[in-house]
>>> print(open('start30.txt').read())   # compact mmCIF, N, CA and C atoms
# COMPACT_ATOMS: atom_id res chain seq x y z
N MET A 1 -6.30 -2.30 11.25
CA MET A 1 -7.01 -1.69 12.35
C MET A 1 -6.97 -0.17 12.24
N ASP A 2 -5.87 0.37 11.68
CA ASP A 2 -5.76 1.82 11.53
C ASP A 2 -6.89 2.39 10.69
N SER A 3 -7.20 1.73 9.57
CA SER A 3 -8.25 2.27 8.71
C SER A 3 -9.60 2.21 9.40
N LEU A 4 -9.86 1.16 10.18
CA LEU A 4 -11.12 1.08 10.92
C LEU A 4 -11.19 2.21 11.94
N ASN A 5 -10.10 2.45 12.66
CA ASN A 5 -10.10 3.54 13.64
C ASN A 5 -10.40 4.88 12.98
N LYS A 6 -9.84 5.10 11.80
CA LYS A 6 -10.12 6.35 11.08
C LYS A 6 -11.60 6.46 10.72
N ILE A 7 -12.18 5.35 10.29
CA ILE A 7 -13.60 5.33 9.95
C ILE A 7 -14.45 5.63 11.18
N LEU A 8 -14.12 4.98 12.30
CA LEU A 8 -14.89 5.19 13.53
C LEU A 8 -14.75 6.62 14.06
N ILE A 9 -13.55 7.17 13.96
CA ILE A 9 -13.33 8.56 14.39
C ILE A 9 -14.12 9.50 13.50
N GLN A 10 -14.05 9.28 12.19
CA GLN A 10 -14.79 10.12 11.24
C GLN A 10 -16.29 10.07 11.54
N GLY A 11 -16.77 8.89 11.92
CA GLY A 11 -18.19 8.73 12.23
C GLY A 11 -18.57 9.17 13.64
N GLY A 12 -17.57 9.57 14.42
CA GLY A 12 -17.83 10.03 15.78
C GLY A 12 -18.23 8.93 16.74
N VAL A 13 -17.84 7.69 16.43
CA VAL A 13 -18.25 6.57 17.28
C VAL A 13 -17.07 5.74 17.79
N ALA A 14 -15.87 6.28 17.71
CA ALA A 14 -14.67 5.52 18.08
C ALA A 14 -14.71 5.02 19.52
N ASP A 15 -15.30 5.80 20.41
CA ASP A 15 -15.31 5.42 21.82
C ASP A 15 -16.47 4.49 22.19
N GLN A 16 -17.26 4.09 21.22
CA GLN A 16 -18.42 3.24 21.49
C GLN A 16 -18.13 1.75 21.35
N TYR A 17 -16.90 1.38 21.02
CA TYR A 17 -16.57 -0.02 20.79
C TYR A 17 -15.40 -0.45 21.66
N ALA A 18 -15.54 -1.64 22.25
CA ALA A 18 -14.44 -2.24 23.01
C ALA A 18 -13.40 -2.76 22.01
N GLU A 19 -12.20 -3.02 22.47
CA GLU A 19 -11.12 -3.48 21.59
C GLU A 19 -11.50 -4.75 20.84
N GLN A 20 -12.13 -5.70 21.50
CA GLN A 20 -12.53 -6.96 20.84
C GLN A 20 -13.56 -6.70 19.75
N GLU A 21 -14.46 -5.75 19.99
CA GLU A 21 -15.45 -5.40 18.98
C GLU A 21 -14.78 -4.74 17.78
N LYS A 22 -13.78 -3.92 18.04
CA LYS A 22 -13.04 -3.28 16.95
C LYS A 22 -12.30 -4.33 16.12
N ILE A 23 -11.73 -5.32 16.78
CA ILE A 23 -11.03 -6.39 16.06
C ILE A 23 -12.00 -7.13 15.16
N ALA A 24 -13.21 -7.42 15.67
CA ALA A 24 -14.22 -8.12 14.87
C ALA A 24 -14.67 -7.26 13.70
N LEU A 25 -14.86 -5.96 13.95
CA LEU A 25 -15.26 -5.05 12.87
C LEU A 25 -14.17 -4.94 11.81
N ALA A 26 -12.92 -4.85 12.24
CA ALA A 26 -11.81 -4.76 11.30
C ALA A 26 -11.74 -6.01 10.44
N ASP A 27 -11.96 -7.17 11.04
CA ASP A 27 -11.94 -8.42 10.29
C ASP A 27 -13.08 -8.44 9.26
N LYS A 28 -14.25 -8.01 9.68
CA LYS A 28 -15.39 -7.97 8.76
C LYS A 28 -15.13 -7.00 7.61
N LYS A 29 -14.59 -5.81 7.95
CA LYS A 29 -14.28 -4.80 6.93
C LYS A 29 -13.29 -5.35 5.92
N ASN A 30 -12.25 -6.03 6.42
CA ASN A 30 -11.23 -6.57 5.51
C ASN A 30 -11.80 -7.66 4.61
N LYS A 31 -12.67 -8.49 5.14
CA LYS A 31 -13.28 -9.54 4.31
C LYS A 31 -14.11 -8.93 3.19
N GLU A 32 -14.83 -7.85 3.49
CA GLU A 32 -15.62 -7.17 2.46
C GLU A 32 -14.69 -6.52 1.42
N TYR A 33 -13.60 -5.95 1.90
CA TYR A 33 -12.63 -5.31 1.01
C TYR A 33 -12.03 -6.36 0.06
N ILE A 34 -11.67 -7.52 0.58
CA ILE A 34 -11.08 -8.58 -0.23
C ILE A 34 -12.07 -9.03 -1.31
N LYS A 35 -13.36 -9.06 -0.98
CA LYS A 35 -14.36 -9.42 -1.98
C LYS A 35 -14.35 -8.42 -3.15
N LEU A 36 -14.11 -7.15 -2.83
CA LEU A 36 -14.07 -6.13 -3.87
C LEU A 36 -12.79 -6.24 -4.71
N LEU A 37 -11.71 -6.68 -4.11
CA LEU A 37 -10.43 -6.76 -4.83
C LEU A 37 -10.50 -7.68 -6.04
N VAL A 38 -11.27 -8.75 -5.95
CA VAL A 38 -11.31 -9.70 -7.06
C VAL A 38 -11.91 -9.08 -8.32
N GLU A 39 -12.54 -7.92 -8.17
CA GLU A 39 -13.11 -7.23 -9.32
C GLU A 39 -12.08 -6.37 -10.05
N LEU A 40 -10.90 -6.22 -9.45
CA LEU A 40 -9.86 -5.41 -10.09
C LEU A 40 -9.34 -6.08 -11.35
N THR A 41 -9.11 -5.27 -12.36
CA THR A 41 -8.54 -5.75 -13.62
C THR A 41 -7.52 -4.71 -14.09
N PRO A 42 -6.72 -5.03 -15.09
CA PRO A 42 -5.78 -4.04 -15.62
C PRO A 42 -6.45 -2.74 -16.07
N GLU A 43 -7.72 -2.78 -16.38
CA GLU A 43 -8.44 -1.57 -16.80
C GLU A 43 -8.57 -0.57 -15.65
N HIS A 44 -8.36 -1.02 -14.41
CA HIS A 44 -8.47 -0.14 -13.24
C HIS A 44 -7.17 0.62 -12.95
N ILE A 45 -6.12 0.35 -13.69
CA ILE A 45 -4.86 1.06 -13.49
C ILE A 45 -5.02 2.51 -13.95
N TYR A 46 -4.56 3.45 -13.13
CA TYR A 46 -4.64 4.86 -13.50
C TYR A 46 -3.95 5.09 -14.84
N SER A 47 -4.51 6.00 -15.61
CA SER A 47 -3.96 6.36 -16.90
C SER A 47 -2.50 6.77 -16.78
N GLY A 48 -1.66 6.19 -17.61
CA GLY A 48 -0.24 6.54 -17.65
C GLY A 48 0.65 5.72 -16.74
N ILE A 49 0.07 5.00 -15.80
CA ILE A 49 0.89 4.23 -14.84
C ILE A 49 1.61 3.07 -15.53
N LYS A 50 0.93 2.36 -16.39
CA LYS A 50 1.56 1.23 -17.09
C LYS A 50 2.73 1.72 -17.94
N GLU A 51 2.55 2.84 -18.61
CA GLU A 51 3.63 3.41 -19.42
C GLU A 51 4.80 3.85 -18.53
N LEU A 52 4.48 4.42 -17.38
CA LEU A 52 5.52 4.81 -16.43
C LEU A 52 6.30 3.58 -15.96
N LEU A 53 5.60 2.52 -15.61
CA LEU A 53 6.27 1.29 -15.18
C LEU A 53 7.16 0.74 -16.29
N ASP A 54 6.65 0.75 -17.51
CA ASP A 54 7.45 0.30 -18.66
C ASP A 54 8.72 1.13 -18.80
N ASP A 55 8.59 2.46 -18.72
CA ASP A 55 9.74 3.36 -18.86
C ASP A 55 10.75 3.13 -17.74
N LEU A 56 10.26 2.98 -16.52
CA LEU A 56 11.17 2.75 -15.40
C LEU A 56 11.95 1.46 -15.59
N LYS A 57 11.27 0.40 -15.98
CA LYS A 57 11.94 -0.89 -16.18
C LYS A 57 12.94 -0.81 -17.33
N GLU A 58 12.55 -0.17 -18.43
CA GLU A 58 13.45 -0.03 -19.58
C GLU A 58 14.71 0.74 -19.22
N ASN A 59 14.62 1.60 -18.24
CA ASN A 59 15.76 2.42 -17.82
C ASN A 59 16.47 1.87 -16.58
N GLY A 60 16.13 0.64 -16.21
CA GLY A 60 16.83 -0.02 -15.11
C GLY A 60 16.53 0.50 -13.72
N VAL A 61 15.41 1.19 -13.57
CA VAL A 61 15.03 1.71 -12.25
C VAL A 61 14.38 0.59 -11.44
N LYS A 62 14.85 0.42 -10.22
CA LYS A 62 14.28 -0.60 -9.33
C LYS A 62 12.96 -0.09 -8.77
N ILE A 63 12.00 -1.02 -8.66
CA ILE A 63 10.67 -0.66 -8.17
C ILE A 63 10.29 -1.59 -7.03
N GLY A 64 9.84 -1.01 -5.94
CA GLY A 64 9.38 -1.79 -4.80
C GLY A 64 8.03 -1.30 -4.32
N LEU A 65 7.31 -2.19 -3.66
CA LEU A 65 6.03 -1.82 -3.06
C LEU A 65 6.21 -1.81 -1.55
N ALA A 66 5.94 -0.65 -0.96
CA ALA A 66 6.00 -0.48 0.50
C ALA A 66 4.62 -0.04 0.95
N SER A 67 3.73 -1.00 1.13
CA SER A 67 2.35 -0.71 1.48
C SER A 67 2.06 -1.22 2.88
N ALA A 68 1.27 -0.45 3.61
CA ALA A 68 0.84 -0.89 4.94
C ALA A 68 -0.18 -2.01 4.84
N SER A 69 -0.70 -2.23 3.66
CA SER A 69 -1.73 -3.24 3.46
C SER A 69 -1.13 -4.60 3.13
N LEU A 70 -1.64 -5.62 3.80
CA LEU A 70 -1.25 -6.99 3.46
C LEU A 70 -1.85 -7.40 2.12
N ASN A 71 -2.78 -6.61 1.61
CA ASN A 71 -3.42 -6.92 0.33
C ASN A 71 -2.64 -6.41 -0.87
N GLY A 72 -1.55 -5.70 -0.64
CA GLY A 72 -0.76 -5.15 -1.74
C GLY A 72 -0.40 -6.16 -2.81
N PRO A 73 0.17 -7.32 -2.43
CA PRO A 73 0.52 -8.30 -3.47
C PRO A 73 -0.68 -8.77 -4.28
N ALA A 74 -1.82 -8.95 -3.63
CA ALA A 74 -3.02 -9.40 -4.36
C ALA A 74 -3.48 -8.32 -5.34
N ILE A 75 -3.40 -7.07 -4.93
CA ILE A 75 -3.80 -5.97 -5.81
C ILE A 75 -2.91 -5.95 -7.06
N LEU A 76 -1.61 -6.12 -6.87
CA LEU A 76 -0.70 -6.16 -8.02
C LEU A 76 -1.05 -7.32 -8.95
N GLU A 77 -1.39 -8.46 -8.36
CA GLU A 77 -1.76 -9.64 -9.17
C GLU A 77 -3.02 -9.36 -9.99
N TYR A 78 -4.05 -8.84 -9.33
CA TYR A 78 -5.30 -8.56 -10.04
C TYR A 78 -5.10 -7.53 -11.15
N LEU A 79 -4.23 -6.55 -10.90
CA LEU A 79 -3.94 -5.54 -11.92
C LEU A 79 -2.97 -6.04 -12.98
N GLN A 80 -2.39 -7.21 -12.73
CA GLN A 80 -1.44 -7.87 -13.63
C GLN A 80 -0.18 -7.02 -13.85
N ILE A 81 0.36 -6.51 -12.73
CA ILE A 81 1.59 -5.71 -12.82
C ILE A 81 2.66 -6.17 -11.84
N THR A 82 2.48 -7.33 -11.25
CA THR A 82 3.45 -7.84 -10.27
C THR A 82 4.86 -7.90 -10.84
N GLU A 83 4.97 -8.26 -12.11
CA GLU A 83 6.29 -8.47 -12.71
C GLU A 83 7.13 -7.19 -12.75
N TYR A 84 6.52 -6.04 -12.60
CA TYR A 84 7.27 -4.78 -12.60
C TYR A 84 8.01 -4.54 -11.28
N PHE A 85 7.59 -5.21 -10.22
CA PHE A 85 8.11 -4.93 -8.89
C PHE A 85 9.24 -5.88 -8.54
N ASP A 86 10.37 -5.28 -8.16
CA ASP A 86 11.55 -6.06 -7.79
C ASP A 86 11.40 -6.65 -6.40
N MET A 87 10.60 -6.01 -5.58
CA MET A 87 10.38 -6.53 -4.23
C MET A 87 9.11 -5.91 -3.65
N ILE A 88 8.57 -6.61 -2.65
CA ILE A 88 7.39 -6.15 -1.93
C ILE A 88 7.69 -6.30 -0.45
N VAL A 89 7.55 -5.21 0.30
CA VAL A 89 7.78 -5.28 1.74
C VAL A 89 6.53 -5.80 2.42
N ASN A 90 6.69 -6.83 3.23
CA ASN A 90 5.59 -7.32 4.07
C ASN A 90 5.47 -6.34 5.23
N PRO A 91 4.31 -5.68 5.40
CA PRO A 91 4.19 -4.69 6.47
C PRO A 91 4.40 -5.28 7.87
N ASN A 92 4.23 -6.57 8.02
CA ASN A 92 4.47 -7.21 9.32
C ASN A 92 5.95 -7.37 9.63
N SER A 93 6.81 -7.08 8.65
CA SER A 93 8.24 -7.27 8.85
C SER A 93 8.93 -6.02 9.41
N VAL A 94 8.17 -4.95 9.64
CA VAL A 94 8.77 -3.73 10.18
C VAL A 94 8.18 -3.43 11.55
N LYS A 95 8.99 -2.75 12.38
CA LYS A 95 8.57 -2.46 13.75
C LYS A 95 7.37 -1.52 13.80
N GLN A 96 7.49 -0.40 13.10
CA GLN A 96 6.44 0.61 13.15
C GLN A 96 5.84 0.80 11.78
N GLY A 97 4.52 0.91 11.74
CA GLY A 97 3.83 1.17 10.50
C GLY A 97 3.83 2.65 10.17
N LYS A 98 3.22 2.96 9.05
CA LYS A 98 3.09 4.34 8.63
C LYS A 98 2.37 5.11 9.73
N PRO A 99 2.71 6.33 9.97
CA PRO A 99 3.54 7.21 9.15
C PRO A 99 5.04 7.10 9.43
N ALA A 100 5.45 6.21 10.35
CA ALA A 100 6.89 6.01 10.58
C ALA A 100 7.54 5.57 9.27
N PRO A 101 8.80 5.90 9.06
CA PRO A 101 9.45 5.61 7.78
C PRO A 101 9.94 4.17 7.64
N ASP A 102 9.71 3.33 8.65
CA ASP A 102 10.29 1.98 8.67
C ASP A 102 10.06 1.19 7.39
N ILE A 103 8.84 1.20 6.88
CA ILE A 103 8.53 0.38 5.70
C ILE A 103 9.26 0.91 4.46
N PHE A 104 9.42 2.24 4.38
CA PHE A 104 10.14 2.83 3.24
C PHE A 104 11.63 2.55 3.33
N LEU A 105 12.16 2.63 4.54
CA LEU A 105 13.58 2.33 4.74
C LEU A 105 13.86 0.87 4.44
N ARG A 106 12.94 -0.02 4.79
CA ARG A 106 13.09 -1.44 4.48
C ARG A 106 13.08 -1.67 2.98
N ALA A 107 12.19 -0.97 2.28
CA ALA A 107 12.14 -1.11 0.82
C ALA A 107 13.46 -0.67 0.20
N ALA A 108 13.99 0.46 0.65
CA ALA A 108 15.27 0.94 0.12
C ALA A 108 16.37 -0.07 0.38
N LYS A 109 16.40 -0.62 1.59
CA LYS A 109 17.42 -1.62 1.93
C LYS A 109 17.28 -2.86 1.03
N ASP A 110 16.05 -3.35 0.89
CA ASP A 110 15.83 -4.55 0.07
C ASP A 110 16.15 -4.31 -1.40
N LEU A 111 15.99 -3.07 -1.86
CA LEU A 111 16.34 -2.73 -3.23
C LEU A 111 17.82 -2.40 -3.39
N ASP A 112 18.53 -2.34 -2.27
CA ASP A 112 19.94 -1.97 -2.24
C ASP A 112 20.14 -0.58 -2.83
N VAL A 113 19.32 0.36 -2.36
CA VAL A 113 19.34 1.74 -2.81
C VAL A 113 19.34 2.64 -1.58
N ALA A 114 20.10 3.70 -1.61
CA ALA A 114 20.10 4.66 -0.50
C ALA A 114 18.73 5.32 -0.41
N PRO A 115 18.19 5.50 0.80
CA PRO A 115 16.89 6.17 0.92
C PRO A 115 16.86 7.54 0.25
N SER A 116 17.98 8.24 0.27
CA SER A 116 18.03 9.57 -0.36
C SER A 116 17.93 9.50 -1.88
N ASP A 117 18.10 8.30 -2.44
CA ASP A 117 17.99 8.12 -3.89
C ASP A 117 16.61 7.57 -4.30
N CYS A 118 15.69 7.53 -3.34
CA CYS A 118 14.36 6.97 -3.60
C CYS A 118 13.31 8.06 -3.68
N ILE A 119 12.27 7.76 -4.43
CA ILE A 119 11.06 8.56 -4.36
C ILE A 119 9.94 7.60 -4.04
N GLY A 120 8.92 8.12 -3.41
CA GLY A 120 7.75 7.30 -3.12
C GLY A 120 6.53 7.94 -3.72
N HIS A 121 5.72 7.13 -4.29
CA HIS A 121 4.45 7.63 -4.82
C HIS A 121 3.39 7.18 -3.85
N LEU A 122 2.80 8.13 -3.14
CA LEU A 122 1.81 7.82 -2.14
C LEU A 122 0.42 8.01 -2.72
N LEU A 123 -0.37 6.95 -2.69
CA LEU A 123 -1.74 7.03 -3.19
C LEU A 123 -2.70 6.64 -2.08
N ASN A 124 -3.68 7.45 -1.87
CA ASN A 124 -4.79 7.06 -1.01
C ASN A 124 -6.01 7.81 -1.47
N LYS A 125 -7.13 7.58 -0.83
CA LYS A 125 -8.37 8.19 -1.30
C LYS A 125 -8.37 9.69 -1.14
N ALA A 126 -7.58 10.19 -0.20
CA ALA A 126 -7.62 11.62 0.09
C ALA A 126 -6.67 12.44 -0.78
N SER A 127 -5.54 11.85 -1.16
CA SER A 127 -4.57 12.67 -1.88
C SER A 127 -3.68 11.81 -2.76
N LYS A 128 -3.06 12.49 -3.72
CA LYS A 128 -2.07 11.86 -4.59
C LYS A 128 -0.90 12.81 -4.67
N HIS A 129 0.28 12.34 -4.30
CA HIS A 129 1.45 13.19 -4.42
C HIS A 129 2.72 12.35 -4.39
N VAL A 130 3.77 12.95 -4.83
CA VAL A 130 5.09 12.32 -4.80
C VAL A 130 5.90 13.01 -3.73
N CYS A 131 6.60 12.23 -2.93
CA CYS A 131 7.43 12.85 -1.90
C CYS A 131 8.77 12.16 -1.86
N GLY A 132 9.79 12.90 -1.50
CA GLY A 132 11.12 12.32 -1.33
C GLY A 132 11.25 11.68 0.03
N TRP A 133 12.09 10.67 0.12
CA TRP A 133 12.33 10.00 1.40
C TRP A 133 13.56 10.53 2.07
N SER A 134 14.29 11.40 1.45
CA SER A 134 15.62 11.75 1.95
C SER A 134 15.59 12.31 3.37
N ARG A 135 14.51 12.93 3.79
CA ARG A 135 14.45 13.47 5.14
C ARG A 135 14.45 12.36 6.18
N ASP A 136 14.04 11.16 5.79
CA ASP A 136 13.99 10.04 6.73
C ASP A 136 15.23 9.16 6.64
N GLY A 137 16.09 9.39 5.70
CA GLY A 137 17.25 8.53 5.54
C GLY A 137 18.48 9.30 5.67
>>> encode(input="start30.txt", output="structure tokens")
Amino acid sequence: MDSLNKILIQGGVADQYAEQEKIALADKKNKEYIKLLVELTPEHIYSGIKELLDDLKENGVKIGLASASLNGPAILEYLQITEYFDMIVNPNSVKQGKPAPDIFLRAAKDLDVAPSDCIGHLLNKASKHVCGWSRDG
């Protein structure tokens, strides 16, 4: 629902829909998104990511996925990189979603790693950057 709200706000029409209409729109948007996911292949992995995952695994670094999207596991499957991940946090298992740190703290706990010893790679359409979690742990 968060991504739909962002789209509606960007379009200047957020106040034109009742909550039930937003739920229906979010469902429709997600169904369209899932249709696009099946087109993902390993060729869609950003350059250097597979090598990075290989290096991390070879050096015993634990890897977890802390995504607000319920589609995270499917994306890993389509990209054929699920085996690199030691755990995947179900976003429904945390109290607060992003930007609250709950999902990242859960990932650290499930990996049995102190949050201050974690880094997160945040990817979205607007930006790409690496940030430390230590301020939240």
>>> atom_distance(input="start30.txt", atom1="atom N of Asn92 (chain A)", atom2="CA of Leu105 (chain A)")
13.3 Å
>>> closest_residue(input="start30.txt", among="A:Ile103, A:Leu40, A:Leu111, A:Val94", to="Gln80 (chain A)", atoms="all atoms listed in the file")
A:Leu40
>>> residues_around(input="start30.txt", residues="region 1-7 of chain A", least_positions_apart="4", cutoff="9 Å", atoms="only C-alpha atoms", output="compact mmCIF listing (two decimals) with N, CA and C atoms, keeping the file's coordinate frame")
# COMPACT_ATOMS: atom_id res chain seq x y z
N GLY A 11 -16.77 8.89 11.92
CA GLY A 11 -18.19 8.73 12.23
C GLY A 11 -18.57 9.17 13.64
N GLY A 12 -17.57 9.57 14.42
CA GLY A 12 -17.83 10.03 15.78
C GLY A 12 -18.23 8.93 16.74
N VAL A 13 -17.84 7.69 16.43
CA VAL A 13 -18.25 6.57 17.28
C VAL A 13 -17.07 5.74 17.79
N ALA A 14 -15.87 6.28 17.71
CA ALA A 14 -14.67 5.52 18.08
C ALA A 14 -14.71 5.02 19.52
N LYS A 22 -13.78 -3.92 18.04
CA LYS A 22 -13.04 -3.28 16.95
C LYS A 22 -12.30 -4.33 16.12
N ILE A 23 -11.73 -5.32 16.78
CA ILE A 23 -11.03 -6.39 16.06
C ILE A 23 -12.00 -7.13 15.16
N LEU A 25 -14.86 -5.96 13.95
CA LEU A 25 -15.26 -5.05 12.87
C LEU A 25 -14.17 -4.94 11.81
N ALA A 26 -12.92 -4.85 12.24
CA ALA A 26 -11.81 -4.76 11.30
C ALA A 26 -11.74 -6.01 10.44
N ASP A 27 -11.96 -7.17 11.04
CA ASP A 27 -11.94 -8.42 10.29
C ASP A 27 -13.08 -8.44 9.26
N LYS A 29 -14.59 -5.81 7.95
CA LYS A 29 -14.28 -4.80 6.93
C LYS A 29 -13.29 -5.35 5.92
>>> atom_distance(input="start30.txt", atom1="atom N of Glu43 (chain A)", atom2="atom C of Lys57 (chain A)")
20.8 Å
>>> select_by_dssp(input="start30.txt", residues="chain A", states="alpha helix (DSSP H)", output="number ranges by chain")
A: 2-10, 19-37, 49-58, 72-79, 102-111
>>> residues_near_point(input="start30.txt", point="(16.4, -5.2, -1.8)", cutoff="8 Å", atoms="only C-alpha atoms", output="ChimeraX atom specification")
/A:86-87,107-113
>>> write_last_selection(input="start30.txt", atoms="N, CA and C atoms", output="PDB file, keeping the file's coordinate frame")
ATOM      1  N   ASP A  86      10.370  -5.280  -8.160  1.00  0.00           N
ATOM      2  CA  ASP A  86      11.550  -6.060  -7.790  1.00  0.00           C
ATOM      3  C   ASP A  86      11.400  -6.650  -6.400  1.00  0.00           C
ATOM      4  N   MET A  87      10.600  -6.010  -5.580  1.00  0.00           N
ATOM      5  CA  MET A  87      10.380  -6.530  -4.230  1.00  0.00           C
ATOM      6  C   MET A  87       9.110  -5.910  -3.650  1.00  0.00           C
ATOM      7  N   ALA A 107      12.190  -0.970   2.280  1.00  0.00           N
ATOM      8  CA  ALA A 107      12.140  -1.110   0.820  1.00  0.00           C
ATOM      9  C   ALA A 107      13.460  -0.670   0.200  1.00  0.00           C
ATOM     10  N   ALA A 108      13.990   0.460   0.650  1.00  0.00           N
ATOM     11  CA  ALA A 108      15.270   0.940   0.120  1.00  0.00           C
ATOM     12  C   ALA A 108      16.370  -0.070   0.380  1.00  0.00           C
ATOM     13  N   LYS A 109      16.400  -0.620   1.590  1.00  0.00           N
ATOM     14  CA  LYS A 109      17.420  -1.620   1.930  1.00  0.00           C
ATOM     15  C   LYS A 109      17.280  -2.860   1.030  1.00  0.00           C
ATOM     16  N   ASP A 110      16.050  -3.350   0.890  1.00  0.00           N
ATOM     17  CA  ASP A 110      15.830  -4.550   0.070  1.00  0.00           C
ATOM     18  C   ASP A 110      16.150  -4.310  -1.400  1.00  0.00           C
ATOM     19  N   LEU A 111      15.990  -3.070  -1.860  1.00  0.00           N
ATOM     20  CA  LEU A 111      16.340  -2.730  -3.230  1.00  0.00           C
ATOM     21  C   LEU A 111      17.820  -2.400  -3.390  1.00  0.00           C
ATOM     22  N   ASP A 112      18.530  -2.340  -2.270  1.00  0.00           N
ATOM     23  CA  ASP A 112      19.940  -1.970  -2.240  1.00  0.00           C
ATOM     24  C   ASP A 112      20.140  -0.580  -2.830  1.00  0.00           C
ATOM     25  N   VAL A 113      19.320   0.360  -2.360  1.00  0.00           N
ATOM     26  CA  VAL A 113      19.340   1.740  -2.810  1.00  0.00           C
ATOM     27  C   VAL A 113      19.340   2.640  -1.580  1.00  0.00           C
TER      28      VAL A 113
END
>>> residues_near_point(input="start30.txt", point="(1.9, -4.9, 7.1)", cutoff="7 Å", atoms="all atoms listed in the file", output="list in words")
Ser67, Ala68, Ser69, Leu70, Val89, Asn90, Pro91, Asn92, Ser93 and Val94 of chain A
>>> write_last_selection(input="start30.txt", atoms="N, CA and C atoms", output="PDB file, in the frame of the given file")
ATOM      1  N   SER A  67       3.730  -1.000   1.130  1.00  0.00           N
ATOM      2  CA  SER A  67       2.350  -0.710   1.480  1.00  0.00           C
ATOM      3  C   SER A  67       2.060  -1.220   2.880  1.00  0.00           C
ATOM      4  N   ALA A  68       1.270  -0.450   3.610  1.00  0.00           N
ATOM      5  CA  ALA A  68       0.840  -0.890   4.940  1.00  0.00           C
ATOM      6  C   ALA A  68      -0.180  -2.010   4.840  1.00  0.00           C
ATOM      7  N   SER A  69      -0.700  -2.230   3.660  1.00  0.00           N
ATOM      8  CA  SER A  69      -1.730  -3.240   3.460  1.00  0.00           C
ATOM      9  C   SER A  69      -1.130  -4.600   3.130  1.00  0.00           C
ATOM     10  N   LEU A  70      -1.640  -5.620   3.800  1.00  0.00           N
ATOM     11  CA  LEU A  70      -1.250  -6.990   3.460  1.00  0.00           C
ATOM     12  C   LEU A  70      -1.850  -7.400   2.120  1.00  0.00           C
ATOM     13  N   VAL A  89       7.550  -5.210   0.300  1.00  0.00           N
ATOM     14  CA  VAL A  89       7.780  -5.280   1.740  1.00  0.00           C
ATOM     15  C   VAL A  89       6.530  -5.800   2.420  1.00  0.00           C
ATOM     16  N   ASN A  90       6.690  -6.830   3.230  1.00  0.00           N
ATOM     17  CA  ASN A  90       5.590  -7.320   4.070  1.00  0.00           C
ATOM     18  C   ASN A  90       5.470  -6.340   5.230  1.00  0.00           C
ATOM     19  N   PRO A  91       4.310  -5.680   5.400  1.00  0.00           N
ATOM     20  CA  PRO A  91       4.190  -4.690   6.470  1.00  0.00           C
ATOM     21  C   PRO A  91       4.400  -5.280   7.870  1.00  0.00           C
ATOM     22  N   ASN A  92       4.230  -6.570   8.020  1.00  0.00           N
ATOM     23  CA  ASN A  92       4.470  -7.210   9.320  1.00  0.00           C
ATOM     24  C   ASN A  92       5.950  -7.370   9.630  1.00  0.00           C
ATOM     25  N   SER A  93       6.810  -7.080   8.650  1.00  0.00           N
ATOM     26  CA  SER A  93       8.240  -7.270   8.850  1.00  0.00           C
ATOM     27  C   SER A  93       8.930  -6.020   9.410  1.00  0.00           C
ATOM     28  N   VAL A  94       8.170  -4.950   9.640  1.00  0.00           N
ATOM     29  CA  VAL A  94       8.770  -3.730  10.180  1.00  0.00           C
ATOM     30  C   VAL A  94       8.180  -3.430  11.550  1.00  0.00           C
TER      31      VAL A  94
END
>>> atom_distance(input="start30.txt", atom1="CA of Gly97 (chain A)", atom2="atom N of Ser116 (chain A)")
18.8 Å
>>> select_by_dssp(input="start30.txt", residues="chain A", states="strand (DSSP E)", output="JSON, numbers by chain")
{"A": [64, 65, 66, 87, 88, 89, 119, 120, 121, 122, 123, 128, 129, 130, 131, 132]}
>>> residues_around(input="start30.txt", residues="His44 (chain A)", least_positions_apart="5", cutoff="8 Å", atoms="only N, CA and C atoms", output="PyMOL selection string")
chain A and resi 39+78-79
>>> decode(input="start30.txt", residues="region 15-21 of chain A", atoms="N, CA, C and O atoms", output="compact mmCIF listing (two decimals), in the first residue's frame")
# COMPACT_ATOMS: atom_id res chain seq x y z
N ASP A 15 -5.89 12.18 -2.56
CA ASP A 15 -7.13 12.46 -1.82
C ASP A 15 -8.39 12.13 -2.62
O ASP A 15 -9.50 12.33 -2.14
N GLN A 16 -8.24 11.60 -3.81
CA GLN A 16 -9.39 11.31 -4.66
C GLN A 16 -9.91 9.88 -4.52
O GLN A 16 -10.87 9.51 -5.19
N TYR A 17 -9.29 9.08 -3.66
CA TYR A 17 -9.68 7.68 -3.53
C TYR A 17 -10.02 7.34 -2.08
O TYR A 17 -9.28 7.72 -1.17
N ALA A 18 -11.10 6.60 -1.90
CA ALA A 18 -11.47 6.09 -0.58
C ALA A 18 -10.53 4.93 -0.25
O ALA A 18 -9.88 4.37 -1.15
N GLU A 19 -10.45 4.56 1.01
CA GLU A 19 -9.55 3.49 1.45
C GLU A 19 -9.81 2.18 0.70
O GLU A 19 -8.88 1.51 0.27
N GLN A 20 -11.06 1.82 0.50
CA GLN A 20 -11.40 0.57 -0.21
C GLN A 20 -10.93 0.63 -1.66
O GLN A 20 -10.46 -0.36 -2.21
N GLU A 21 -11.04 1.81 -2.28
CA GLU A 21 -10.57 1.97 -3.65
C GLU A 21 -9.05 1.84 -3.71
O GLU A 21 -8.51 1.23 -4.64
